[in-house]
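> One structure follows; several queries about it will come next.
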Amino acid sequence: MIPSIASSRFFRMSYLGYVTLFFIFLITPLVVVAAFSFNDSLFPSLPWNGFTWDWYFGEGEPRLGLFHDEALLDSIGVSVQVAAVTTLASLALATCNAFLFEREQFPGKNFLYVLMLMPLVVPGVILGVSILVFSSTVANWFEVQFNYEIEALRPGLLLVTLGQFAFITTIATLVISARLRKFDITQEEAAMNLGASRLTAIATVTVPFLKPALLGAGVVAFLMSFENFNTTLMLVGSDAPLTIAMFDRLREGSTPVLNAVSVLLMVGSACLALVSMFAQRPDKH
Amino acid sequence: MSGEPGNVNRTQYRLGFWLLLAPIVLWLSLLIILPHIDMVLVSLRERIASRQYGFSLSNYTAFFTEPLYWNTFVRTAVMSVIATLLTLIIAFPVSFYIAKVLTGRPKIALFILCLIPFWVSELVRTYGWMILLRETGLISGALQWFGLADQPVEMLYNDVAIMVGLIYTSMLFMVVPLVTTLDSLDNSLIEAGYDLGGSSLHVMKSIVIPHAMPGIMSGCIVVFMLTLGNYLTPTLLGGKDSLWFTEQIYTQFITRFNWEQGAAFGILLLVLSSLIVWLGLKITKQSFTRVMS
């Protein structure tokens, strides 16, 4: 079972075989998506008609490539905007939360902590729907009371951002709290003994210490927002983020331009993964 | 000037505390608590006339009297449980291999290889399965090429396709907690089990699995929740007849614009999901905060 325990050759070989099959299972769908982005055919399916760059650089219908497809490029822009705002907002709140839970003692702290974890247990579709219901209740109330229509509370990018922010903050809080827990508070006290105010001490000693966690949480937050589908689906208005745009095309049946987008996403995710791995490298000490 | 530094300090601390507390309270109340309360209220009302609502349980009775709703609900729950168990069964040997058989660089490399697919959007992964399984897809092509089928085989739009997609999508959330807990098991405990005459099966049952229980549980809970709330995979791989409960919620809200019914469905799904999480924690005596963090 483990290397120090003798086991039959047959067992070891079949175990290795199983693990190999598992990794083939993991990798195949991604390889297939990437491969068919180069297939010289109007459909992402067999037969293989030879290699082409058209699905990236094709200039006109029916072979409109990714880099000339205005609709897809626009939706990527929308997703980047939403993800950037969501990331910054959730990092800011998560840092506050980390200080609150790691540094302060107050009645009801455990209850608040459990409440803070709740967004992880609520299915994304329901989170989206509940925010949709509540925001339109508020908007309707304003309309009746003041005869004033708040456009921002109707389905659209603000609601999408809020919906994603609602659960991404929890994840960011967990990452940053874990790092803050490891911080030796005497370092901060030393800075204050040397004459720094509390805020200066935090800004110059504690925050630099938290930087790897902030970067790691930021990468995760950005990706989760960029790739979010369930919550976004319920709150989206007329501007579609990339996942929604891709989903609509998938259902209609699309040319391999979707494969090209997928390859772009894979490359993007891989770069971000590398960034976060370097950021979270274990400390030397 | 600095007459009472202690006092100044204390008020500063108090102020700091309230400044930290305010944002989290705003976040949780405005985006989590109030929306859910409002959803409960909406689910308990009925439209009498235009903009006129009255209290009613009709949205819930509709759920119990309309077999389609009820069946979809049970079907979603059962399929999610099966998907969770299958994910566990498939992931456990692999996690054990990574945590206990491998050491050093290969171990880290294989663990990272496990994570890679999950940095890519769920949409892309599902799309990959569509290309593999569809009538003009790769598996159908391979079967014909090997002479196992004489015409294209449609493997998309059935329950097996949904199951494959769900298991694939959930794998990461099972492998990571399993590898983490198995990694913390001391090899000498396994060796001791063998030295004392235990068989492989026995060592597995009385040493490895009890030790891995926290990981098994948190993996199962997360996978179950994600599967139950999944929308993309059943819709794309299961087609029109996938009958997933989240699709019902979507239909009521977006297609039929029947928010009252949709809200009731949302509450029912939330109750089911919380109930199973709670049961899972009770049975294995785990604390919610530990499993989640």
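Chains: A, B, ... in order of the structure tokens. Residues: from 1 per chain. Ligands: from 1, in order shown.
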Can you tell me, as a ChimeraX atom specification, what residues are no more than 12 Å from A:Phe111 when counting only C-alpha atoms, ignoring any on the same chain fewer than 6 positions away?
/A:101,117-118 /B:288-289
> At a cut-off of 7 Å, can you tabulate as a Markdown table every residue of chain A near chain B together with its closest atom pair and the distance in Å to one decimal, using only C-alpha atoms and ordering rows by chain then number?

```
| residue | atom | partner | partner_atom | distance |
| --- | --- | --- | --- | --- |
| A:Ile2 | CA | B:Val101 | CA | 5.2 |
| A:Pro3 | CA | B:Val101 | CA | 6.0 |
| A:Val19 | CA | B:Val94 | CA | 5.8 |
| A:Leu26 | CA | B:Pro117 | CA | 6.9 |
| A:Pro29 | CA | B:Gly128 | CA | 4.2 |
| A:Leu30 | CA | B:Gly128 | CA | 6.0 |
| A:Val32 | CA | B:Gly128 | CA | 6.2 |
| A:Val33 | CA | B:Gly128 | CA | 5.2 |
| A:Pro44 | CA | B:Ile131 | CA | 6.9 |
| A:Ser45 | CA | B:Gly137 | CA | 5.5 |
| A:Leu46 | CA | B:Thr136 | CA | 5.8 |
| A:Leu93 | CA | B:Pro23 | CA | 6.8 |
| A:Cys96 | CA | B:Leu20 | CA | 5.6 |
| A:Asn97 | CA | B:Ile24 | CA | 6.7 |
| A:Leu100 | CA | B:Leu20 | CA | 6.0 |
| A:Val114 | CA | B:Thr289 | CA | 6.6 |
| A:Val122 | CA | B:Leu270 | CA | 6.8 |
| A:Pro123 | CA | B:Gly229 | CA | 4.9 |
| A:Gly124 | CA | B:Gly229 | CA | 6.6 |
| A:Val125 | CA | B:Gly229 | CA | 6.6 |
| A:Ile126 | CA | B:Gly266 | CA | 5.8 |
| A:Ser130 | CA | B:Pro35 | CA | 4.9 |
| A:Ile131 | CA | B:Pro35 | CA | 5.4 |
| A:Val133 | CA | B:Met39 | CA | 6.4 |
| A:Phe134 | CA | B:Pro35 | CA | 4.8 |
| A:Ala166 | CA | B:Leu31 | CA | 6.2 |
| A:Leu174 | CA | B:Ser293 | CA | 6.7 |
| A:Glu227 | CA | B:Ser121 | CA | 5.3 |
| A:Asn230 | CA | B:Tyr231 | CA | 6.7 |
| A:Ser262 | CA | B:Val124 | CA | 5.9 |
| A:Leu265 | CA | B:Val120 | CA | 6.8 |
| A:Met266 | CA | B:Val120 | CA | 5.7 |
| A:Ser269 | CA | B:Trp119 | CA | 5.8 |
```
> Determine the nearest neighbour of B:Met174 from the options B:Thr87, B:Thr61, B:Thr233, B:Ser199, counting only C-alpha atoms.
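Closest to B:Met174, using only C-alpha atoms: B:Thr87.
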> Find, counting only C-alpha atoms, the residue in B:Arg75, B:Asn59, B:Ile276, B:Leu133 that gets nearest to B:Gln252.
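Of all the options, B:Asn59 lies closest to B:Gln252.
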> Apply DSSP to the structure's backbone, then extract all residues of stretch 36-249 of chain B labelled strand (DSSP E) and return them as JSON, numbers by chain.
{"B": [45, 46, 47, 48, 49, 52, 53, 54, 55]}
> Output all heavy atoms for every residue in the selection just made, as a PDB file, in the first residue's frame.

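Contents of result.pdb, as written:
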```pdb
ATOM      1  N   ARG B  45     -46.341  34.830  -0.907  1.00  0.00           N
ATOM      2  CA  ARG B  45     -47.421  35.724  -1.313  1.00  0.00           C
ATOM      3  C   ARG B  45     -47.996  35.268  -2.657  1.00  0.00           C
ATOM      4  O   ARG B  45     -47.428  34.421  -3.343  1.00  0.00           O
ATOM      5  CB  ARG B  45     -46.920  37.159  -1.401  1.00  0.00           C
ATOM      6  CG  ARG B  45     -46.017  37.373  -2.579  1.00  0.00           C
ATOM      7  CD  ARG B  45     -45.467  38.778  -2.627  1.00  0.00           C
ATOM      8  NE  ARG B  45     -44.901  38.984  -3.959  1.00  0.00           N
ATOM      9  CZ  ARG B  45     -44.159  40.013  -4.293  1.00  0.00           C
ATOM     10  NH1 ARG B  45     -43.865  40.940  -3.405  1.00  0.00           N
ATOM     11  NH2 ARG B  45     -43.704  40.125  -5.518  1.00  0.00           N
ATOM     12  N   GLU B  46     -49.101  35.885  -3.002  1.00  0.00           N
ATOM     13  CA  GLU B  46     -49.794  35.502  -4.205  1.00  0.00           C
ATOM     14  C   GLU B  46     -50.329  36.777  -4.844  1.00  0.00           C
ATOM     15  O   GLU B  46     -50.783  37.677  -4.142  1.00  0.00           O
ATOM     16  CB  GLU B  46     -50.950  34.581  -3.824  1.00  0.00           C
ATOM     17  CG  GLU B  46     -51.663  33.960  -4.985  1.00  0.00           C
ATOM     18  CD  GLU B  46     -52.816  33.098  -4.472  1.00  0.00           C
ATOM     19  OE1 GLU B  46     -53.374  33.411  -3.397  1.00  0.00           O
ATOM     20  OE2 GLU B  46     -53.158  32.132  -5.144  1.00  0.00           O
ATOM     21  N   ARG B  47     -50.281  36.848  -6.153  1.00  0.00           N
ATOM     22  CA  ARG B  47     -50.775  38.063  -6.813  1.00  0.00           C
ATOM     23  C   ARG B  47     -52.296  37.992  -6.888  1.00  0.00           C
ATOM     24  O   ARG B  47     -52.862  37.045  -7.419  1.00  0.00           O
ATOM     25  CB  ARG B  47     -50.177  38.175  -8.211  1.00  0.00           C
ATOM     26  CG  ARG B  47     -50.604  39.457  -8.914  1.00  0.00           C
ATOM     27  CD  ARG B  47     -49.937  39.620 -10.253  1.00  0.00           C
ATOM     28  NE  ARG B  47     -48.500  39.763 -10.116  1.00  0.00           N
ATOM     29  CZ  ARG B  47     -47.657  39.603 -11.135  1.00  0.00           C
ATOM     30  NH1 ARG B  47     -48.112  39.269 -12.310  1.00  0.00           N
ATOM     31  NH2 ARG B  47     -46.363  39.760 -10.954  1.00  0.00           N
ATOM     32  N   ILE B  48     -52.944  39.017  -6.313  1.00  0.00           N
ATOM     33  CA  ILE B  48     -54.408  39.055  -6.345  1.00  0.00           C
ATOM     34  C   ILE B  48     -54.856  39.881  -7.534  1.00  0.00           C
ATOM     35  O   ILE B  48     -55.679  39.466  -8.338  1.00  0.00           O
ATOM     36  CB  ILE B  48     -54.976  39.658  -5.037  1.00  0.00           C
ATOM     37  CG1 ILE B  48     -54.476  38.835  -3.849  1.00  0.00           C
ATOM     38  CG2 ILE B  48     -56.489  39.669  -5.070  1.00  0.00           C
ATOM     39  CD1 ILE B  48     -54.704  39.495  -2.523  1.00  0.00           C
ATOM     40  N   ALA B  49     -54.300  41.090  -7.622  1.00  0.00           N
ATOM     41  CA  ALA B  49     -54.556  41.926  -8.783  1.00  0.00           C
ATOM     42  C   ALA B  49     -53.220  42.560  -9.146  1.00  0.00           C
ATOM     43  O   ALA B  49     -52.210  42.251  -8.524  1.00  0.00           O
ATOM     44  CB  ALA B  49     -55.598  42.987  -8.451  1.00  0.00           C
ATOM     45  N   GLN B  52     -51.082  43.966  -6.381  1.00  0.00           N
ATOM     46  CA  GLN B  52     -51.785  43.648  -5.140  1.00  0.00           C
ATOM     47  C   GLN B  52     -51.417  42.229  -4.745  1.00  0.00           C
ATOM     48  O   GLN B  52     -51.617  41.299  -5.521  1.00  0.00           O
ATOM     49  CB  GLN B  52     -53.301  43.720  -5.356  1.00  0.00           C
ATOM     50  CG  GLN B  52     -53.823  45.125  -5.529  1.00  0.00           C
ATOM     51  CD  GLN B  52     -54.175  45.737  -4.191  1.00  0.00           C
ATOM     52  OE1 GLN B  52     -54.934  45.171  -3.422  1.00  0.00           O
ATOM     53  NE2 GLN B  52     -53.615  46.892  -3.896  1.00  0.00           N
ATOM     54  N   TYR B  53     -50.867  42.068  -3.539  1.00  0.00           N
ATOM     55  CA  TYR B  53     -50.458  40.737  -3.129  1.00  0.00           C
ATOM     56  C   TYR B  53     -51.098  40.365  -1.807  1.00  0.00           C
ATOM     57  O   TYR B  53     -51.366  41.235  -0.980  1.00  0.00           O
ATOM     58  CB  TYR B  53     -48.940  40.673  -2.985  1.00  0.00           C
ATOM     59  CG  TYR B  53     -48.210  40.889  -4.288  1.00  0.00           C
ATOM     60  CD1 TYR B  53     -47.721  42.140  -4.630  1.00  0.00           C
ATOM     61  CD2 TYR B  53     -48.032  39.833  -5.173  1.00  0.00           C
ATOM     62  CE1 TYR B  53     -47.067  42.343  -5.824  1.00  0.00           C
ATOM     63  CE2 TYR B  53     -47.379  40.031  -6.370  1.00  0.00           C
ATOM     64  CZ  TYR B  53     -46.893  41.287  -6.695  1.00  0.00           C
ATOM     65  OH  TYR B  53     -46.242  41.474  -7.876  1.00  0.00           O
ATOM     66  N   GLY B  54     -51.353  39.087  -1.603  1.00  0.00           N
ATOM     67  CA  GLY B  54     -51.866  38.613  -0.331  1.00  0.00           C
ATOM     68  C   GLY B  54     -51.067  37.410   0.125  1.00  0.00           C
ATOM     69  O   GLY B  54     -50.404  36.756  -0.676  1.00  0.00           O
ATOM     70  N   PHE B  55     -51.150  37.125   1.432  1.00  0.00           N
ATOM     71  CA  PHE B  55     -50.432  35.979   1.969  1.00  0.00           C
ATOM     72  C   PHE B  55     -51.019  34.680   1.414  1.00  0.00           C
ATOM     73  O   PHE B  55     -52.225  34.538   1.277  1.00  0.00           O
ATOM     74  CB  PHE B  55     -50.527  35.977   3.496  1.00  0.00           C
ATOM     75  CG  PHE B  55     -49.917  34.758   4.115  1.00  0.00           C
ATOM     76  CD1 PHE B  55     -48.553  34.695   4.340  1.00  0.00           C
ATOM     77  CD2 PHE B  55     -50.702  33.657   4.442  1.00  0.00           C
ATOM     78  CE1 PHE B  55     -47.972  33.567   4.893  1.00  0.00           C
ATOM     79  CE2 PHE B  55     -50.138  32.525   4.999  1.00  0.00           C
ATOM     80  CZ  PHE B  55     -48.764  32.488   5.220  1.00  0.00           C
TER      81      PHE B  55
END
```
